[in-house]
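Structure record follows, encoded as C-alpha cells.
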2 protein chains.
Amino acid sequence: MENKKFLITGFSGFVGRHFLQYLYEKEECADVYGIDIRKPAFDMSMYTSRLNIRFQEVNLLDGEALKAVLKEFRPNYILHLASFSSVAFSWQHPEESFVNNTNIFLNLTSALKELEIACRVLSIGSSEEYGNVLPEHLPLREDMQLRPVSPYAVARVSQEMLSKVFVDSYHLDIILTRSFNHIGPWQDERFVVPSFIRRILNIKDSGATEGTIETGDTTIIRDFVDVRDVVNAYYMLLMNGTPGEIYNICSGKQIALSDIIDQIADIVKVEISTKVNPEFVRPSDNRVVVGSHDKLTKELGWKPQIAWETTLRDMVKEMDKS
Amino acid sequence: MENKKFLITGFSGFVGRHFLQYLYEKEECADVYGIDIRKPAFDMSMYTSRLNIRFQEVNLLDGEALKAVLKEFRPNYILHLASFSSVAFSWQHPEESFVNNTNIFLNLTSALKELEIACRVLSIGSSEEYGNVLPEHLPLREDMQLRPVSPYAVARVSQEMLSKVFVDSYHLDIILTRSFNHIGPWQDERFVVPSFIRRILNIKDSGATEGTIETGDTTIIRDFVDVRDVVNAYYMLLMNGTPGEIYNICSGKQIALSDIIDQIADIVKVEISTKVNPEFVRPSDNRVVVGSHDKLTKELGWKPQIAWETTLRDMVKEMDKS
C-alpha cells in the first residue's frame, strides 16, 4: 500500500507541529509536505524515523508557487491551516486582510481544479465566524446565524460559503471546521494562556511566593480546547468527514480567564492576584463564548479527551524547563 | 443650497438610466457623475436641462482611477450599481468572479476611508444571496439564513458582511439592498421578459396571428419588480435609510413565467404556445422565489406602485417601436 500523502499549509505554527506529532504516533509511515512563509521553529528530525517530511517556504498568495508544489507532490490530504490571522493587522488593513485570506484559499481551489488533483481538503475556520453572540444562542451550533464582526472573520465565512459552492458544483472535496480557542504545549507566549503561565513562572523564578499580574477582563468566559484533541479531530475529519459540512471543534466547556489564572497559580504554587489594565480590555468582546461539538461527536465519535487540568500541567511543565 | 452630488457606478446599464430619469423628475437640480467600463447607450442630453451630468469610463478594479474620481467629485451619495454579474462567467471562473466582485467594493470603501469622504453609499445586492430557498421560508425576509449557491452570490453576501463591519467599526455610511428581478422599459433583450416580448413581437411582425416560442421551465415562479419602483426605493434609501441595514426590494407578488407569456400575448394580440427546450432549463433553480418588502414599507413607506399590467404594456410599447 502506498503511503498517505499529507500537504500541510501553515506548517510552521504550533498546530502544524502537533499534527506532525499525531501522524508520527498514528501512521506506520506517511509522506508529509509542509509549506509556510517561515521555517518551522521545531526540529523536524524528531519525526523522520516514521515520516518522510519535506518543507518548503511558500507564500500562498503566489498561486504559481503553490501550483508547483501540488503538481509535484499530488497530495491525498491537505490540512489547510494557513491564514493571515493577525487581528491587529485585520483592523488596520481590513481590505487587505480580507483579500489576502480569501486569495490564499482561492489559489488553492483554483490549482486543485486546474491540476485535477482528487484530494480531500480540511479547511480550518474559526469560532470568530460566529461574531456577536446572543446569550440565548449558546452553546453555538454549526447552523447558527453568523454575525462576524472583523474583516478576518468575514473572510472565514466567505471561505465556507465558497467551499459549499465548490463542493456542490465543482465536486471538490472540502470539509470545514470552526475551531475554538486552542491551547497546549508549544503555543506562542503572545497568546493569553501561555502569557499567564510565563508571567506566573517569572514570579516563582524570582523567588517570590506571591505576586500580581496585569490582565484584561478576566471575567470573560471562553471555550478552550486542547490542541492535541484538535489535531485528533483534524485527522478524523480528513479520514471520515463529510464534504461540504462544517464542524465545530471545541471542548463544550466554559471557563473564565480568572479560573485559569487560579489553576495555574495552584500548579506553580504561588499566590497570584490580578489587576485590570484597561488597555488590555477589548470593548466589543462577547461575555461568553462556548460551542457544541455534538455534530462531530455524533458523526465521528470525536470527544475531547484531555482534561483541562492535564493541559495546564503539561503547558507549565513544558514552559518551566525552557 | 448646494446641489446634491450623486456618483453612480455601473452607470451605463438600464438601472442607471432609470435612476437618472428619476432624478430628473425629482430634483430641481443635481450634479451627477456616472462611471462605468462602457459608455452609456442612451442619450444623456435628454436630462441636461435639469441635471449636471458627467460621465467617465472607469474600471473599478483600478483603485487609483476610482480614487481620482472620488477626490475630484467628493459625492454626497453613491449609488453602487456596478458588479461583475455574469452568471455564466461566474460559473466558468468562480475564483475570478468572486475576487472581482469583492475587489471593486473594497476599492470603494478603502478610497472613502483614505480620502475621508463623508458620503452615503447604497450598495446594491441581489435576491441571489438567498440561494437555496426552502418553501417554508417564503416570502423571503432580510433576517433569513443565506445559502448562496454561486460564486457571484457569495461575493454579494461577503460585501454585506463587510459593510456591516465597516459601518460598526469604521463609521462608513453604507446601506444595503437585496434587489429581486427587475424589469421595465430599456431592459436588455438577453433578460427573460424582454426576450419573451421580442420573440412574440417578431411573430406579430411576421403577420402571423399565432406562433410558438421555445422556453426553459415556465412553471417557475418569481418576484418581478418594476425598475421604476426600484429606483424610487434607491432614492428613498439614499435619503432616509439606516446605515448597516439590509432591505429587500421586491414586489412581494408571485408570478409564473407562463403567466407572463400569456399576458404579453394578450397585449400583443397573438396566440402563443410554448415548447420547452431542455437546454434552457437550469437544473438547480428554485421553484419559487418571492420576497417580503415589509421592512422597507414599515421604515420608509415604500411600496411598489406600478401595476404588473402597466409594466408589461410599457415594455411592449417601447420595444414595438424599436
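Residue numbering restarts at 1 in every chain; chains get A, B, ... in the order shown in the C-alpha cells, and ligands count up from 1 in that same order.
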Identify every residue of chain B that has at least one atom within 8 Å of any atom of chain A, counting only C-alpha atoms, and report the result as a list in words.
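The complete set of qualifying residues is Glu95, Val99, Asn103, Leu106, Ser110, Gln145, Arg147, Pro148, Val149, Ser150, Pro151, Val154, Ala155, Val157, Ser158, Met161, Leu162, Lys164 and Val165 of chain B.
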Next, dump the selected residues to file, keeping only N, CA and C atoms, as a PDB file, in the first residue's frame.
ATOM      1  N   GLU B  95     -13.361  31.721  -9.059  1.00  0.00           N
ATOM      2  CA  GLU B  95     -12.422  32.473  -8.230  1.00  0.00           C
ATOM      3  C   GLU B  95     -12.349  33.926  -8.692  1.00  0.00           C
ATOM      4  N   VAL B  99     -13.413  37.336  -6.691  1.00  0.00           N
ATOM      5  CA  VAL B  99     -12.392  38.347  -6.387  1.00  0.00           C
ATOM      6  C   VAL B  99     -12.750  39.686  -7.036  1.00  0.00           C
ATOM      7  N   ASN B 103     -13.428  42.906  -4.895  1.00  0.00           N
ATOM      8  CA  ASN B 103     -12.401  43.942  -5.035  1.00  0.00           C
ATOM      9  C   ASN B 103     -12.968  45.300  -5.435  1.00  0.00           C
ATOM     10  N   LEU B 106     -14.225  46.733  -2.256  1.00  0.00           N
ATOM     11  CA  LEU B 106     -13.172  47.095  -1.308  1.00  0.00           C
ATOM     12  C   LEU B 106     -12.372  48.299  -1.809  1.00  0.00           C
ATOM     13  N   SER B 110     -12.146  51.448   0.662  1.00  0.00           N
ATOM     14  CA  SER B 110     -10.795  51.852   1.017  1.00  0.00           C
ATOM     15  C   SER B 110     -10.535  53.296   0.581  1.00  0.00           C
ATOM     16  N   GLN B 145     -31.667  32.956   6.957  1.00  0.00           N
ATOM     17  CA  GLN B 145     -30.334  32.388   6.732  1.00  0.00           C
ATOM     18  C   GLN B 145     -30.052  32.370   5.225  1.00  0.00           C
ATOM     19  N   ARG B 147     -28.142  30.924   1.887  1.00  0.00           N
ATOM     20  CA  ARG B 147     -27.473  29.726   1.410  1.00  0.00           C
ATOM     21  C   ARG B 147     -27.094  29.915  -0.063  1.00  0.00           C
ATOM     22  N   PRO B 148     -26.156  30.843  -0.292  1.00  0.00           N
ATOM     23  CA  PRO B 148     -25.813  31.201  -1.671  1.00  0.00           C
ATOM     24  C   PRO B 148     -25.228  30.019  -2.431  1.00  0.00           C
ATOM     25  N   VAL B 149     -25.592  29.901  -3.719  1.00  0.00           N
ATOM     26  CA  VAL B 149     -25.151  28.740  -4.492  1.00  0.00           C
ATOM     27  C   VAL B 149     -24.230  29.086  -5.663  1.00  0.00           C
ATOM     28  N   SER B 150     -23.906  30.354  -5.854  1.00  0.00           N
ATOM     29  CA  SER B 150     -22.966  30.704  -6.921  1.00  0.00           C
ATOM     30  C   SER B 150     -21.871  31.603  -6.364  1.00  0.00           C
ATOM     31  N   PRO B 151     -20.700  31.578  -7.006  1.00  0.00           N
ATOM     32  CA  PRO B 151     -19.612  32.453  -6.560  1.00  0.00           C
ATOM     33  C   PRO B 151     -20.045  33.919  -6.545  1.00  0.00           C
ATOM     34  N   VAL B 154     -22.049  34.478  -3.395  1.00  0.00           N
ATOM     35  CA  VAL B 154     -21.187  34.505  -2.205  1.00  0.00           C
ATOM     36  C   VAL B 154     -20.482  35.858  -2.104  1.00  0.00           C
ATOM     37  N   ALA B 155     -20.037  36.377  -3.242  1.00  0.00           N
ATOM     38  CA  ALA B 155     -19.372  37.688  -3.228  1.00  0.00           C
ATOM     39  C   ALA B 155     -20.330  38.755  -2.701  1.00  0.00           C
ATOM     40  N   VAL B 157     -22.841  38.322  -0.626  1.00  0.00           N
ATOM     41  CA  VAL B 157     -23.031  38.142   0.811  1.00  0.00           C
ATOM     42  C   VAL B 157     -21.807  38.688   1.570  1.00  0.00           C
ATOM     43  N   SER B 158     -20.621  38.414   1.045  1.00  0.00           N
ATOM     44  CA  SER B 158     -19.401  38.932   1.678  1.00  0.00           C
ATOM     45  C   SER B 158     -19.450  40.450   1.754  1.00  0.00           C
ATOM     46  N   MET B 161     -21.588  41.496   4.600  1.00  0.00           N
ATOM     47  CA  MET B 161     -20.983  41.284   5.918  1.00  0.00           C
ATOM     48  C   MET B 161     -19.851  42.282   6.151  1.00  0.00           C
ATOM     49  N   LEU B 162     -19.064  42.541   5.110  1.00  0.00           N
ATOM     50  CA  LEU B 162     -18.004  43.543   5.233  1.00  0.00           C
ATOM     51  C   LEU B 162     -18.610  44.924   5.500  1.00  0.00           C
ATOM     52  N   LYS B 164     -21.265  45.662   7.092  1.00  0.00           N
ATOM     53  CA  LYS B 164     -21.663  45.764   8.498  1.00  0.00           C
ATOM     54  C   LYS B 164     -20.454  46.070   9.379  1.00  0.00           C
ATOM     55  N   VAL B 165     -19.330  45.385   9.079  1.00  0.00           N
ATOM     56  CA  VAL B 165     -18.095  45.655   9.827  1.00  0.00           C
ATOM     57  C   VAL B 165     -17.663  47.110   9.614  1.00  0.00           C
TER      58      VAL B 165
END
Would you kindly return, as a PyMOL selection string, each protein, DNA or RNA residue with an atom no farther than 7 Å from any atom of stretch 245-255 of chain A, considering only C-alpha atoms and excluding same-chain residues fewer than 2 positions away?
chain A and resi 142+175-180+221-225+230+242-243+257+259+290-293+295-296+304
Go through stretch 101-195 of chain A and collect every residue that DSSP, computed from the backbone, puts in strand (DSSP E); the answer should be as a ChimeraX atom specification.
/A:120-126,173-179,182-183
Put those residues in a file: C-alpha atoms, as a compact mmCIF listing (two decimals), in the first residue's frame.
# COMPACT_ATOMS: atom_id res chain seq x y z
CA ARG A 120 -9.52 15.99 0.42
CA VAL A 121 -9.06 19.44 1.90
CA LEU A 122 -9.70 20.24 5.53
CA SER A 123 -10.16 23.99 5.67
CA ILE A 124 -9.66 25.38 9.16
CA GLY A 125 -12.04 28.12 10.20
CA SER A 126 -12.58 29.88 13.48
CA ASP A 173 -13.77 17.53 -1.59
CA ILE A 174 -13.62 20.19 1.12
CA ILE A 175 -14.52 19.80 4.78
CA LEU A 176 -14.69 22.79 7.08
CA THR A 177 -14.07 23.44 10.73
CA ARG A 178 -14.86 26.22 13.13
CA SER A 179 -12.11 25.73 15.64
CA HIS A 182 -6.96 26.08 21.35
CA ILE A 183 -4.22 25.79 23.88
How would you write, as a ChimeraX atom specification, the set of residues in stretch 151-254 of chain B that DSSP gives as helix (DSSP H, G or I)?
/B:151-170,192-205,227-240
Writing out the chosen residues with C-alpha atoms as a PDB file, in the first residue's frame:
ATOM      1  CA  PRO B 151     -19.612  32.453  -6.560  1.00  0.00           C
ATOM      2  CA  TYR B 152     -21.347  35.667  -7.586  1.00  0.00           C
ATOM      3  CA  ALA B 153     -23.887  35.293  -4.777  1.00  0.00           C
ATOM      4  CA  VAL B 154     -21.187  34.505  -2.205  1.00  0.00           C
ATOM      5  CA  ALA B 155     -19.372  37.688  -3.228  1.00  0.00           C
ATOM      6  CA  ARG B 156     -22.588  39.622  -2.644  1.00  0.00           C
ATOM      7  CA  VAL B 157     -23.031  38.142   0.811  1.00  0.00           C
ATOM      8  CA  SER B 158     -19.401  38.932   1.678  1.00  0.00           C
ATOM      9  CA  GLN B 159     -19.999  42.502   0.601  1.00  0.00           C
ATOM     10  CA  GLU B 160     -22.919  42.754   3.008  1.00  0.00           C
ATOM     11  CA  MET B 161     -20.983  41.284   5.918  1.00  0.00           C
ATOM     12  CA  LEU B 162     -18.004  43.543   5.233  1.00  0.00           C
ATOM     13  CA  SER B 163     -20.352  46.523   5.047  1.00  0.00           C
ATOM     14  CA  LYS B 164     -21.663  45.764   8.498  1.00  0.00           C
ATOM     15  CA  VAL B 165     -18.095  45.655   9.827  1.00  0.00           C
ATOM     16  CA  PHE B 166     -17.286  48.931   8.077  1.00  0.00           C
ATOM     17  CA  VAL B 167     -20.399  50.637   9.441  1.00  0.00           C
ATOM     18  CA  ASP B 168     -19.866  49.391  13.000  1.00  0.00           C
ATOM     19  CA  SER B 169     -16.103  49.832  13.228  1.00  0.00           C
ATOM     20  CA  TYR B 170     -15.083  52.436  10.654  1.00  0.00           C
ATOM     21  CA  VAL B 192     -36.059  36.710 -19.769  1.00  0.00           C
ATOM     22  CA  VAL B 193     -39.079  39.019 -20.005  1.00  0.00           C
ATOM     23  CA  PRO B 194     -37.780  41.299 -22.783  1.00  0.00           C
ATOM     24  CA  SER B 195     -36.679  38.176 -24.655  1.00  0.00           C
ATOM     25  CA  PHE B 196     -40.257  36.830 -24.484  1.00  0.00           C
ATOM     26  CA  ILE B 197     -41.603  40.187 -25.674  1.00  0.00           C
ATOM     27  CA  ARG B 198     -39.133  40.405 -28.545  1.00  0.00           C
ATOM     28  CA  ARG B 199     -39.978  36.938 -29.804  1.00  0.00           C
ATOM     29  CA  ILE B 200     -43.702  37.493 -29.513  1.00  0.00           C
ATOM     30  CA  LEU B 201     -43.399  40.834 -31.310  1.00  0.00           C
ATOM     31  CA  ASN B 202     -41.426  39.067 -34.062  1.00  0.00           C
ATOM     32  CA  ILE B 203     -44.320  36.671 -34.540  1.00  0.00           C
ATOM     33  CA  LYS B 204     -46.765  39.575 -34.784  1.00  0.00           C
ATOM     34  CA  ASP B 205     -44.437  41.484 -37.151  1.00  0.00           C
ATOM     35  CA  VAL B 227     -37.373  49.125 -12.306  1.00  0.00           C
ATOM     36  CA  ARG B 228     -39.116  52.472 -11.794  1.00  0.00           C
ATOM     37  CA  ASP B 229     -40.291  51.296  -8.391  1.00  0.00           C
ATOM     38  CA  VAL B 230     -36.752  50.056  -7.744  1.00  0.00           C
ATOM     39  CA  VAL B 231     -35.076  53.405  -8.420  1.00  0.00           C
ATOM     40  CA  ASN B 232     -37.700  55.106  -6.266  1.00  0.00           C
ATOM     41  CA  ALA B 233     -36.633  52.758  -3.433  1.00  0.00           C
ATOM     42  CA  TYR B 234     -32.946  53.521  -4.134  1.00  0.00           C
ATOM     43  CA  TYR B 235     -33.598  57.235  -3.858  1.00  0.00           C
ATOM     44  CA  MET B 236     -35.602  56.870  -0.640  1.00  0.00           C
ATOM     45  CA  LEU B 237     -32.891  54.679   0.881  1.00  0.00           C
ATOM     46  CA  LEU B 238     -30.146  57.149  -0.063  1.00  0.00           C
ATOM     47  CA  MET B 239     -32.119  59.916   1.635  1.00  0.00           C
ATOM     48  CA  ASN B 240     -33.574  58.124   4.663  1.00  0.00           C
TER      49      ASN B 240
END
Would you list the contacts of A:Phe42 as a ChimeraX atom specification, taking every protein, DNA or RNA residue within 10 Å and counting only C-alpha atoms, but skipping same-chain residues closer than 3 positions in sequence?
/A:12-14,17,39,45-46,186
Could you please take those selected residues and save N, CA and C atoms as a short mmCIF file (atom, residue, chain, number, x, y, z; two decimals), in the first residue's frame?
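Contents of the output file out_39.cif:
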data_model
loop_
_atom_site.label_atom_id
_atom_site.label_comp_id
_atom_site.auth_asym_id
_atom_site.auth_seq_id
_atom_site.Cartn_x
_atom_site.Cartn_y
_atom_site.Cartn_z
N SER A 12 4.38 25.70 9.94
CA SER A 12 5.38 26.04 10.96
C SER A 12 4.80 26.46 12.30
N GLY A 13 3.49 26.61 12.36
CA GLY A 13 2.88 27.02 13.61
C GLY A 13 2.73 25.87 14.59
N PHE A 14 2.13 26.14 15.73
CA PHE A 14 2.09 25.11 16.78
C PHE A 14 1.09 24.00 16.47
N ARG A 17 2.89 21.51 14.14
CA ARG A 17 3.78 20.64 14.91
C ARG A 17 3.01 19.52 15.60
N LYS A 39 10.17 29.31 8.20
CA LYS A 39 10.65 27.97 8.57
C LYS A 39 10.07 27.55 9.91
N SER A 45 13.55 16.58 12.61
CA SER A 45 14.24 15.28 12.61
C SER A 45 13.72 14.34 13.70
N MET A 46 13.00 14.91 14.69
CA MET A 46 12.38 14.08 15.72
C MET A 46 11.39 13.09 15.11
N TRP A 186 3.82 24.26 23.57
CA TRP A 186 4.46 24.85 22.38
C TRP A 186 3.71 26.06 21.83
#
Suppose you want the space between atom CA of B:Ile117 and atom CA of B:Val69; what is it in Å?
11.9 Å
I'd like the neighbourhood of B:Leu81 as an MDAnalysis selection string, where a residue qualifies if any of its atoms comes within 8 Å (using only C-alpha atoms), though same-chain residues fewer than 6 positions away should be ignored.
chainID B and resid 8:11 15:16 123:124
So, counting only C-alpha atoms, which residue among B:Ser90, B:Glu214, B:Ser85, B:Asp43 is closest to B:Phe280?
B:Glu214
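Taking atom CA of B:Ile272 and atom CA of B:Leu312 as the two end points, the separation is 15.9 Å.
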Taking 6 positions as the minimum chain separation for residues in the same chain, which residues sit within 7 Å of B:Phe84 when counting only C-alpha atoms? Answer as an NGL selection string.
:B and (97 or 100-101)
